[in-house]
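A.B. asks: Dropping in coords-v1.txt, with compact mmCIF, C-alpha atoms.
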```
# COMPACT_ATOMS: atom_id res chain seq x y z
CA MET P 1 196.20 62.48 -94.29
CA GLY P 2 194.15 59.34 -94.94
CA VAL P 3 197.00 57.15 -93.74
CA LYS P 4 197.30 59.15 -90.53
CA MET P 5 193.61 58.78 -89.80
CA TYR P 6 193.84 55.04 -90.32
CA LYS P 7 196.69 54.75 -87.83
CA LYS P 8 194.87 56.81 -85.27
CA GLY P 9 191.86 54.58 -85.65
CA LEU P 10 193.90 51.48 -85.00
CA THR P 11 195.43 53.04 -81.91
CA THR P 12 192.00 53.89 -80.55
CA ILE P 13 190.72 50.38 -81.12
CA PHE P 14 193.79 48.99 -79.41
CA VAL P 15 193.28 51.14 -76.35
CA ILE P 16 189.66 50.09 -76.09
CA VAL P 17 190.56 46.41 -76.39
CA LEU P 18 192.95 46.86 -73.50
CA ILE P 19 190.23 48.41 -71.38
CA ILE P 20 187.99 45.42 -72.03
CA LEU P 21 190.69 43.03 -70.85
CA ILE P 22 191.25 45.01 -67.66
CA LEU P 23 187.52 45.05 -66.92
CA LEU P 24 187.31 41.29 -67.30
CA THR P 25 190.23 40.50 -65.03
CA GLY P 26 189.37 43.28 -62.61
CA THR P 27 185.96 41.82 -61.89
CA GLY P 28 187.52 38.49 -61.13
CA VAL P 29 186.31 36.26 -63.92
CA TYR P 30 188.08 32.99 -63.21
CA THR P 31 191.37 34.56 -62.28
CA GLN P 32 193.68 31.91 -60.96
CA GLY P 33 194.82 31.88 -57.37
CA ASP P 34 191.84 33.85 -56.10
CA GLY P 35 189.87 30.85 -54.93
CA ASP P 36 186.65 29.59 -56.44
CA VAL P 37 185.08 32.85 -57.56
CA ASN P 38 183.02 34.24 -60.46
CA LEU P 39 181.20 37.52 -61.04
CA ILE P 40 178.31 36.59 -58.75
CA TYR P 41 179.63 34.42 -55.94
CA GLU P 42 182.64 32.94 -54.24
CA LEU P 43 182.85 29.42 -52.77
CA ILE P 44 184.96 29.54 -49.61
CA PRO P 45 186.33 26.37 -47.95
CA ASN P 46 185.60 26.65 -44.22
CA SER P 47 186.89 23.38 -42.80
CA PRO P 48 189.80 20.99 -43.25
CA TYR P 49 187.43 18.76 -45.23
CA SER P 50 187.21 21.22 -48.16
CA TYR P 51 189.80 23.20 -50.09
CA ILE P 52 190.48 24.93 -53.40
CA ASN P 53 192.11 22.38 -55.73
CA ASP P 54 194.77 22.89 -58.43
CA SER P 55 192.06 23.82 -60.96
CA GLY P 56 190.90 26.65 -58.70
CA LYS P 57 187.70 24.82 -57.78
CA LEU P 58 186.22 24.03 -54.39
CA GLU P 59 186.61 20.34 -53.59
CA ILE P 60 185.20 18.36 -50.66
CA ASN P 61 187.49 15.49 -49.76
CA ILE P 62 187.01 13.30 -46.67
CA THR P 63 189.29 10.49 -47.80
CA PRO P 64 192.91 9.41 -47.27
CA GLU P 65 193.60 11.26 -50.56
CA ASN P 66 192.97 14.63 -48.93
CA PRO P 67 196.34 16.41 -49.30
CA LEU P 68 196.36 17.47 -45.64
CA TYR P 69 194.64 14.73 -43.66
CA ASP P 70 193.89 11.04 -43.48
CA GLY P 71 190.76 9.13 -42.59
CA GLY P 72 187.11 8.77 -43.47
CA VAL P 73 183.72 8.03 -41.97
CA ALA P 74 182.66 4.66 -40.54
CA PRO P 75 179.66 2.54 -41.59
CA ASP P 76 176.46 2.92 -39.52
CA SER P 77 177.41 6.42 -38.46
CA ILE P 78 176.03 9.91 -38.93
CA HIS P 79 178.53 12.73 -39.32
CA VAL P 80 177.44 16.34 -39.17
CA ILE P 81 179.91 18.92 -40.46
CA ASP P 82 178.84 22.45 -39.62
CA SER P 83 180.12 24.99 -42.08
CA LEU P 84 181.84 22.72 -44.58
CA PHE P 85 182.10 25.66 -46.99
CA SER P 86 180.33 28.93 -47.55
CA VAL P 87 178.78 30.77 -50.48
CA LYS P 88 179.34 34.52 -50.60
CA ASN P 89 177.62 37.05 -52.86
CA VAL P 90 180.57 39.00 -54.28
CA ASN P 91 178.66 40.85 -57.01
CA ASN P 92 179.73 44.51 -56.91
CA SER P 93 176.43 45.77 -58.26
CA SER P 94 173.39 45.69 -56.00
CA GLY P 95 172.36 42.23 -57.18
CA VAL P 96 170.35 40.16 -54.70
CA TYR P 97 170.42 36.52 -55.77
CA GLU P 98 168.72 33.29 -54.84
CA PHE P 99 171.14 30.38 -54.56
CA THR P 100 170.29 26.69 -54.87
CA VAL P 101 172.80 24.11 -53.66
CA SER P 102 172.12 20.40 -54.17
CA VAL P 103 173.71 16.96 -53.76
CA GLN P 104 172.66 13.62 -55.25
CA GLU P 105 174.05 10.61 -53.43
CA ALA P 106 172.16 8.53 -50.85
CA GLY P 107 173.11 9.46 -47.30
CA VAL P 108 174.44 12.93 -48.19
CA LEU P 109 172.36 15.97 -47.15
CA LEU P 110 172.92 19.71 -46.80
CA TYR P 111 171.70 22.46 -44.48
CA SER P 112 172.31 26.15 -44.05
CA PRO P 113 171.20 28.75 -41.51
CA GLY P 114 170.13 30.79 -44.57
CA ASP P 115 167.43 28.27 -45.53
CA ILE P 116 164.56 28.48 -43.03
CA SER P 117 163.22 25.03 -43.99
CA HIS P 118 166.64 23.37 -43.77
CA SER P 119 168.50 25.44 -41.22
CA SER P 120 169.97 22.65 -39.08
CA SER P 121 171.26 19.10 -39.38
CA ASN P 122 167.87 17.79 -38.15
CA THR P 123 166.12 19.27 -41.18
CA ALA P 124 168.88 18.70 -43.75
CA SER P 125 167.84 18.10 -47.35
CA ASN P 126 169.43 17.14 -50.67
CA ILE P 127 168.50 20.59 -51.98
CA ILE P 128 168.65 23.91 -50.14
CA THR P 129 167.94 27.50 -51.22
CA PHE P 130 168.81 30.87 -49.71
CA ILE P 131 168.93 34.51 -50.73
CA LEU P 132 172.08 36.62 -50.38
CA SER P 133 172.53 40.37 -50.75
CA PRO P 134 175.90 41.68 -51.95
CA GLY P 135 178.57 40.91 -49.33
CA GLU P 136 176.40 38.36 -47.50
CA GLU P 137 177.67 34.84 -46.90
CA ALA P 138 175.88 31.56 -46.08
CA ASN P 139 177.52 28.62 -44.32
CA ILE P 140 176.74 25.21 -45.79
CA GLY P 141 176.73 22.18 -43.48
CA MET P 142 176.71 18.54 -44.53
CA VAL P 143 175.17 15.42 -42.97
CA ILE P 144 176.72 12.10 -43.97
CA ASP P 145 174.65 9.04 -43.01
CA THR P 146 176.54 5.82 -43.77
CA SER P 147 173.86 3.33 -42.67
CA GLU P 148 173.69 2.06 -46.29
CA TYR P 149 177.46 1.80 -46.74
CA SER P 150 180.32 -0.50 -45.76
CA ALA P 151 184.02 0.07 -45.21
CA GLY P 152 185.74 0.30 -48.60
CA ASP P 153 182.88 2.22 -50.24
CA LEU P 154 183.62 5.60 -51.78
CA ILE P 155 180.76 8.11 -51.96
CA GLU P 156 181.36 10.27 -55.05
CA ASP P 157 178.93 13.15 -55.06
CA ILE P 158 178.43 16.31 -57.09
CA VAL P 159 177.60 19.57 -55.31
CA SER P 160 175.67 21.79 -57.74
CA ILE P 161 175.38 25.53 -57.16
CA SER P 162 173.02 27.64 -59.26
CA VAL P 163 171.86 31.25 -59.12
CA THR P 164 168.66 32.99 -60.10
CA GLN P 165 167.35 36.48 -59.51
CA PRO P 166 164.53 36.35 -56.96
CA THR P 167 161.18 37.40 -58.43
CA MET H 1 183.83 58.74 -89.39
CA LYS H 2 185.77 55.49 -89.63
CA MET H 3 187.27 56.17 -86.22
CA LEU H 4 183.88 56.91 -84.72
CA GLY H 5 182.59 53.70 -86.22
CA ALA H 6 185.40 51.76 -84.64
CA ILE H 7 184.68 53.29 -81.25
CA MET H 8 180.99 52.47 -81.60
CA VAL H 9 181.83 48.86 -82.41
CA ALA H 10 184.11 48.69 -79.41
CA LEU H 11 181.45 50.20 -77.15
CA GLY H 12 179.02 47.70 -78.57
CA ILE H 13 181.33 44.87 -77.56
CA LEU H 14 181.67 46.36 -74.10
CA MET H 15 177.93 46.57 -73.65
CA VAL H 16 177.40 43.01 -74.83
CA LEU H 17 180.04 41.82 -72.38
CA GLY H 18 178.55 43.84 -69.58
CA VAL H 19 175.05 42.57 -70.11
CA GLY H 20 176.30 39.03 -70.61
CA ALA H 21 178.12 39.14 -67.31
CA ASP H 22 174.96 39.95 -65.38
CA PHE H 23 172.66 37.41 -66.98
CA ALA H 24 174.95 34.48 -67.59
CA ASP H 25 174.12 31.10 -66.10
CA TYR H 26 176.29 30.66 -63.03
CA THR H 27 175.57 27.01 -62.41
CA ALA H 28 178.62 25.23 -61.07
CA SER H 29 179.30 21.61 -60.19
CA ARG H 30 181.88 20.72 -57.60
CA SER H 31 183.03 17.27 -56.56
CA ALA H 32 182.76 15.69 -53.12
CA HIS H 33 184.63 12.51 -52.20
CA ILE H 34 183.79 10.70 -48.98
CA ALA H 35 185.56 7.48 -48.03
CA VAL H 36 183.73 4.94 -45.87
CA VAL H 37 186.35 3.32 -43.66
CA ALA H 38 186.46 0.84 -40.78
CA ASP H 39 185.66 2.01 -37.24
CA ASP H 40 189.35 1.94 -36.26
CA GLN H 41 190.33 4.30 -39.13
CA GLU H 42 187.52 6.76 -38.51
CA LEU H 43 187.82 10.44 -37.68
CA ILE H 44 186.57 9.33 -34.27
CA ASP H 45 188.23 5.91 -33.97
CA LEU H 46 186.71 2.97 -32.18
CA THR H 47 189.61 0.58 -31.73
CA PRO H 48 189.26 -2.95 -30.33
CA MET H 49 191.64 -3.45 -27.41
CA GLN H 50 190.82 -7.06 -26.55
CA PRO H 51 190.02 -10.23 -28.51
CA TYR H 52 186.39 -9.83 -27.37
CA ALA H 53 186.16 -6.77 -29.60
CA TYR H 54 186.84 -6.88 -33.31
CA ILE H 55 186.10 -5.06 -36.57
CA ASP H 56 183.66 -7.03 -38.75
CA ASP H 57 183.60 -7.43 -42.56
CA ARG H 58 181.58 -4.24 -42.91
CA GLY H 59 184.08 -2.24 -40.87
CA VAL H 60 181.91 -2.02 -37.72
CA LEU H 61 183.21 -2.61 -34.19
CA VAL H 62 181.61 -5.73 -32.68
CA ILE H 63 181.94 -6.89 -29.08
CA ASP H 64 181.24 -10.58 -28.74
CA PHE H 65 181.78 -12.65 -25.60
CA SER H 66 180.78 -15.93 -27.22
CA ALA H 67 182.04 -18.79 -29.35
CA ASN H 68 180.81 -16.82 -32.40
CA ASN H 69 183.68 -14.36 -32.00
CA PRO H 70 186.17 -14.93 -34.86
CA ASN H 71 188.97 -14.60 -32.31
CA TYR H 72 187.56 -17.58 -30.39
CA GLN H 73 190.13 -20.41 -30.33
CA ASN H 74 192.77 -18.22 -31.95
CA GLU H 75 195.96 -19.84 -30.65
CA SER H 76 198.03 -16.66 -30.94
CA LEU H 77 195.62 -14.67 -28.77
CA ASN H 78 194.69 -17.08 -26.00
CA PRO H 79 196.56 -20.38 -26.19
CA GLY H 80 195.25 -23.35 -24.30
CA TRP H 81 191.88 -22.29 -22.97
CA TRP H 82 188.82 -20.67 -24.41
CA GLY H 83 185.70 -19.81 -22.58
CA ILE H 84 182.49 -19.76 -24.60
CA GLY H 85 180.66 -17.03 -22.71
CA ILE H 86 179.85 -15.75 -19.27
CA SER H 87 178.10 -17.78 -16.56
CA PRO H 88 174.64 -17.22 -15.17
CA ASP H 89 174.59 -15.64 -11.69
CA SER H 90 177.88 -13.88 -12.29
CA ARG H 91 179.29 -10.46 -12.99
CA TYR H 92 182.10 -9.85 -15.38
CA ASN H 93 184.26 -6.79 -15.70
CA PHE H 94 186.36 -6.21 -18.76
CA ASN H 95 188.69 -3.24 -18.56
CA ASP H 96 189.63 -1.49 -21.79
CA VAL H 97 187.41 -3.40 -24.25
CA PHE H 98 187.75 -0.68 -26.87
CA ASN H 99 189.22 2.79 -27.22
CA VAL H 100 187.62 5.98 -28.49
CA SER H 101 190.12 8.39 -30.02
CA ASN H 102 189.82 11.85 -31.51
CA ASP H 103 191.41 12.05 -34.97
CA LEU H 104 189.16 14.83 -36.24
CA TRP H 105 190.84 17.25 -38.64
CA ASP H 106 189.32 20.25 -36.88
CA ASN H 107 191.58 20.06 -33.80
CA VAL H 108 188.66 20.29 -31.36
CA THR H 109 187.97 18.53 -28.07
CA ILE H 110 184.93 16.28 -28.33
CA LEU H 111 182.33 15.24 -25.78
CA VAL H 112 181.59 11.54 -26.31
CA THR H 113 178.47 9.83 -24.94
CA ILE H 114 178.13 6.05 -25.10
CA SER H 115 174.91 4.32 -24.20
CA SER H 116 174.08 0.64 -23.99
CA SER H 117 170.63 -0.54 -25.10
CA ASN H 118 170.82 -3.46 -22.67
CA PRO H 119 170.45 -2.62 -18.95
CA PHE H 120 172.56 -5.68 -18.07
CA VAL H 121 175.49 -4.27 -20.04
CA GLU H 122 177.09 -1.28 -18.32
CA LEU H 123 180.09 0.87 -19.15
CA TYR H 124 182.93 2.55 -17.30
CA THR H 125 186.21 4.33 -17.96
CA HIS H 126 189.54 4.30 -16.24
CA ASN H 127 191.48 7.38 -15.10
CA GLU H 128 188.30 9.13 -13.96
CA GLU H 129 187.36 10.23 -17.45
CA SER H 130 183.65 9.51 -17.04
CA LEU H 131 181.77 12.72 -16.20
CA GLU H 132 179.17 10.72 -14.25
CA GLY H 133 181.79 9.10 -12.01
CA ALA H 134 181.66 5.69 -13.72
CA TRP H 135 185.36 5.26 -13.03
CA SER H 136 185.40 1.55 -12.26
CA SER H 137 183.28 -1.55 -12.71
CA ASP H 138 181.64 -0.86 -9.32
CA SER H 139 180.20 2.41 -10.50
CA ALA H 140 179.49 1.37 -14.13
CA LEU H 141 176.44 2.91 -15.81
CA GLN H 142 174.27 2.22 -18.83
CA GLU H 143 175.28 5.60 -20.26
CA ILE H 144 178.59 7.39 -19.78
CA SER H 145 180.17 10.50 -21.25
CA PHE H 146 183.71 11.86 -21.36
CA TYR H 147 185.93 14.36 -23.16
CA VAL H 148 188.52 13.32 -25.72
CA TYR H 149 191.17 15.91 -26.55
CA PRO H 150 192.61 16.26 -30.09
CA GLY H 151 194.82 13.24 -30.68
CA GLY H 152 193.66 11.78 -27.35
CA GLU H 153 192.24 8.36 -26.55
CA VAL H 154 189.92 7.02 -23.83
CA SER H 155 189.48 3.32 -22.94
CA VAL H 156 186.01 1.97 -22.26
CA GLY H 157 185.39 -1.03 -20.03
CA MET H 158 182.28 -3.20 -19.84
CA HIS H 159 180.44 -4.61 -16.88
CA LEU H 160 178.25 -7.60 -17.77
CA MET H 161 175.58 -8.76 -15.35
CA GLY H 162 174.83 -12.42 -15.88
CA TRP H 163 172.82 -12.84 -12.69
CA ALA H 164 169.51 -12.12 -14.37
CA ASN H 165 170.02 -14.75 -16.99
CA ASP H 166 170.01 -18.50 -17.38
CA ALA H 167 172.62 -20.46 -19.29
CA GLY H 168 171.76 -20.36 -22.97
CA ASP H 169 170.47 -16.78 -22.77
CA TRP H 170 172.06 -14.05 -24.80
CA LEU H 171 172.83 -10.54 -23.68
CA ASN H 172 172.31 -8.66 -26.91
CA GLY H 173 172.43 -4.94 -27.35
CA THR H 174 173.70 -1.97 -29.26
CA LEU H 175 176.20 0.61 -28.13
CA THR H 176 175.35 4.05 -29.45
CA ILE H 177 178.29 6.44 -29.58
CA HIS H 178 177.65 10.15 -29.94
CA ALA H 179 180.37 12.78 -30.21
CA GLU H 180 180.06 16.55 -30.48
CA PRO H 181 182.40 19.51 -30.09
CA ALA H 182 182.97 20.11 -26.38
CA ASP H 183 181.95 23.78 -26.63
CA ASN H 184 178.45 22.91 -27.93
CA GLY H 185 176.17 24.00 -25.13
CA GLY H 186 178.87 23.74 -22.47
```
Would you write out, as structure tokens, the structure that this file holds?

C.D. replies:
Amino acid sequence: MGVKMYKKGLTTIFVIVLIILILLTGTGVYTQGDGDVNLIYELIPNSPYSYINDSGKLEINITPENPLYDGGVAPDSIHVIDSLFSVKNVNNSSGVYEFTVSVQEAGVLLYSPGDISHSSSNTASNIITFILSPGEEANIGMVIDTSEYSAGDLIEDIVSISVTQPT
Amino acid sequence: MKMLGAIMVALGILMVLGVGADFADYTASRSAHIAVVADDQELIDLTPMQPYAYIDDRGVLVIDFSANNPNYQNESLNPGWWGIGISPDSRYNFNDVFNVSNDLWDNVTILVTISSSNPFVELYTHNEESLEGAWSSDSALQEISFYVYPGGEVSVGMHLMGWANDAGDWLNGTLTIHAEPADNGG
């Protein structure tokens, strides 16, 4: 009798462990092949200048090393790329989130129609914020000003995306 | 009771995971690589078509009708004779000084506008590309615009007016080149 109970208990625990695994994968926590997605948001490449790399992460690549294209930007030029990538709120609860996207390097700025203060290339900034309800998506544009650069330079920047709950 | 305990523990784990999922820190860092390349390797190429135009050390297109041009006295380009500039009281037309090509990855037609900061330096295109009708040196303008289709290329000529100047004067200026998708505001 005691032995039977013990076995039953194990079986129950096993079933519950399985359920936990399904929940985790079902909500899309870093599943491979799904693009750059987590429980809250998805980063969607929207132009030939961005793509999802082998590690499943969004990558912006305007260099001859881009797997699809060749080229770059010239010195003393300003390039404006509308909708380089987008950020989508994919949370399946009713979570409304505030997103902050920033870059660091000189000459690289961002804008998004979702950020009233930085909605166009004329008002681009190194840090932008916007609020997204579930299912909403914000396009992110980039301004590249190469007046401080020369041919042969490589601008290596980090795009940081963070989320908070609006107060 | 043991079984119930096990279920409770499992539920506890579930709840911790659930709460953790909502309040975790979702900061992410993604990389961006941008290559700065010479004007003739750009997404919108500016390619010198004559010895008067060249790409400088910084990668910028320079148009220089003077003895300062690095192509000046280059035997392979112009054997035997080298002028050192344009004369006063004269007009010079140079067809196809440089080309503008559309190598954008987006496969869109672009509307290109080129303006000269010097009123004595005018521009024109061949093959009636200029939207303002600046199709030859006779109708050259200080600012011209034209469409460049994906993979396409348009040659730009220059009309230099030396008549306002004396020998020893310089005609200096900047060409500003602006390109935007052709469907932006018609």

A.B. asks: Leaving out Ile155 (chain P) and any residue of its chain fewer than 2 positions from it, which residues lie within 10 Å of it when counting all atoms listed in the file, given as a list of chain:residue names?

C.D. replies: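 Contacts, with the query itself left out: P:Ile62, P:Thr63, P:Glu105, P:Ala106, P:Gly107, P:Val108, P:Ile144, P:Thr146, P:Tyr149, P:Gly152, P:Asp153, P:Asp157, P:Ile158, H:Ala32, H:His33, H:Ile34, H:Ala35, H:Val36.
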
A.B. asks: Please tabulate, as JSON lines, the residues of chain H that come within 7 Å of chain P, each with its closest pair of atoms and the distance in Å to one decimal, counting all atoms listed in the file and ordering rows by chain, then residue number upward.

C.D. replies:
```
{"residue": "H:Met3", "atom": "CA", "partner": "P:Gly9", "partner_atom": "CA", "distance": 4.9}
{"residue": "H:Ala6", "atom": "CA", "partner": "P:Ile13", "partner_atom": "CA", "distance": 6.5}
{"residue": "H:Ile7", "atom": "CA", "partner": "P:Ile13", "partner_atom": "CA", "distance": 6.7}
{"residue": "H:Ala10", "atom": "CA", "partner": "P:Ile16", "partner_atom": "CA", "distance": 6.6}
{"residue": "H:Leu14", "atom": "CA", "partner": "P:Ile20", "partner_atom": "CA", "distance": 6.7}
{"residue": "H:Tyr26", "atom": "CA", "partner": "P:Ser162", "partner_atom": "CA", "distance": 5.8}
{"residue": "H:Thr27", "atom": "CA", "partner": "P:Ser162", "partner_atom": "CA", "distance": 4.1}
{"residue": "H:Ala28", "atom": "CA", "partner": "P:Ile161", "partner_atom": "CA", "distance": 5.1}
{"residue": "H:Ser29", "atom": "CA", "partner": "P:Ser160", "partner_atom": "CA", "distance": 4.4}
{"residue": "H:Arg30", "atom": "CA", "partner": "P:Val159", "partner_atom": "CA", "distance": 5.0}
{"residue": "H:Ser31", "atom": "CA", "partner": "P:Ile158", "partner_atom": "CA", "distance": 4.7}
{"residue": "H:Ala32", "atom": "CA", "partner": "P:Ile60", "partner_atom": "CA", "distance": 4.4}
{"residue": "H:His33", "atom": "CA", "partner": "P:Asn61", "partner_atom": "CA", "distance": 4.8}
{"residue": "H:Ile34", "atom": "CA", "partner": "P:Ile62", "partner_atom": "CA", "distance": 4.7}
{"residue": "H:Ala35", "atom": "CA", "partner": "P:Leu154", "partner_atom": "CA", "distance": 4.6}
{"residue": "H:Val36", "atom": "CA", "partner": "P:Ala151", "partner_atom": "CA", "distance": 4.9}
{"residue": "H:Val37", "atom": "CA", "partner": "P:Ala151", "partner_atom": "CA", "distance": 4.3}
{"residue": "H:Ala38", "atom": "CA", "partner": "P:Ala151", "partner_atom": "CA", "distance": 5.1}
{"residue": "H:Asp39", "atom": "CA", "partner": "P:Ala74", "partner_atom": "CA", "distance": 5.2}
{"residue": "H:Gln41", "atom": "CA", "partner": "P:Gly71", "partner_atom": "CA", "distance": 6.0}
{"residue": "H:Glu42", "atom": "CA", "partner": "P:Val73", "partner_atom": "CA", "distance": 5.3}
{"residue": "H:Leu43", "atom": "CA", "partner": "P:Gly71", "partner_atom": "CA", "distance": 5.9}
{"residue": "H:Arg58", "atom": "CA", "partner": "P:Ser150", "partner_atom": "CA", "distance": 4.9}
{"residue": "H:Gly59", "atom": "CA", "partner": "P:Ala151", "partner_atom": "CA", "distance": 4.9}
{"residue": "H:Val60", "atom": "CA", "partner": "P:Pro75", "partner_atom": "CA", "distance": 6.4}
{"residue": "H:Trp105", "atom": "CA", "partner": "P:Pro48", "partner_atom": "CA", "distance": 6.0}
{"residue": "H:Asp106", "atom": "CA", "partner": "P:Pro48", "partner_atom": "CA", "distance": 6.4}
```

A.B. asks: Between H:Val156, H:Val112, H:Gly151, H:Glu128, which is the closest to Ala182 (chain H) once you count only C-alpha atoms?

C.D. replies: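 So, comparing all the options, the nearest one is H:Val112.
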
A.B. asks: Let me make sure I understand: among H:Met161, H:Ala67, H:Ile144, H:Val97, which one has the smallest atom-to-atom distance to Tyr54 (chain H) if we use all atoms listed in the file?

C.D. replies: H:Val97

A.B. asks: Given the choices H:Val148, H:Ala134, H:Val121, H:Met49, which gets closest to Arg91 (chain H) if the distance is worked out from only C-alpha atoms?

C.D. replies: H:Val121

A.B. asks: So what do you get for CA of Tyr124 (chain H) versus CA of Glu180 (chain H), distance-wise?

C.D. replies: 19.4 Å

A.B. asks: Enter the distance from CA of Thr174 (chain H) to CA of Ser115 (chain H), in Å, rounded to one decimal.

C.D. replies: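 Calculated distance between CA of Thr174 (chain H) and CA of Ser115 (chain H) is 8.2 Å.
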
A.B. asks: From the list H:Asn93, H:Thr109, H:Ser101, H:Asn71, which residue is nearest Asp183 (chain H) when using all atoms listed in the file?

C.D. replies: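 Between H:Asn93, H:Thr109, H:Ser101, H:Asn71, the residue approaching Asp183 (chain H) most closely is H:Thr109.
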
A.B. asks: Mind checking which residues fall within 7 Å of Ser125 (chain P), counting all atoms listed in the file, ignoring those fewer than 6 positions away in the same chain, and posting them as an MDAnalysis selection string?

C.D. replies: chainID P and resid 109:111 118

A.B. asks: Dig up all the protein and nucleic acid residues within 10 Å of (184.0, 3.4, -9.7) in the file frame, using all atoms listed in the file, and format them as number ranges by chain.

C.D. replies: H: 124-126, 128, 130, 132-141

A.B. asks: Record the distance separating CA of Ser83 (chain P) and CA of Met142 (chain P), expressed in Å with one decimal.

C.D. replies: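 Interatomic distance here is 7.7 Å.
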
A.B. asks: Rank P:Gly35, P:Gly141, P:Gly135, P:Pro45 by their smallest atom-to-atom distance to Val90 (chain P), using all atoms listed in the file, and report the top residue only.

C.D. replies: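 Of P:Gly35, P:Gly141, P:Gly135, P:Pro45, the one nearest Val90 (chain P) is P:Gly135, counting all atoms listed in the file.
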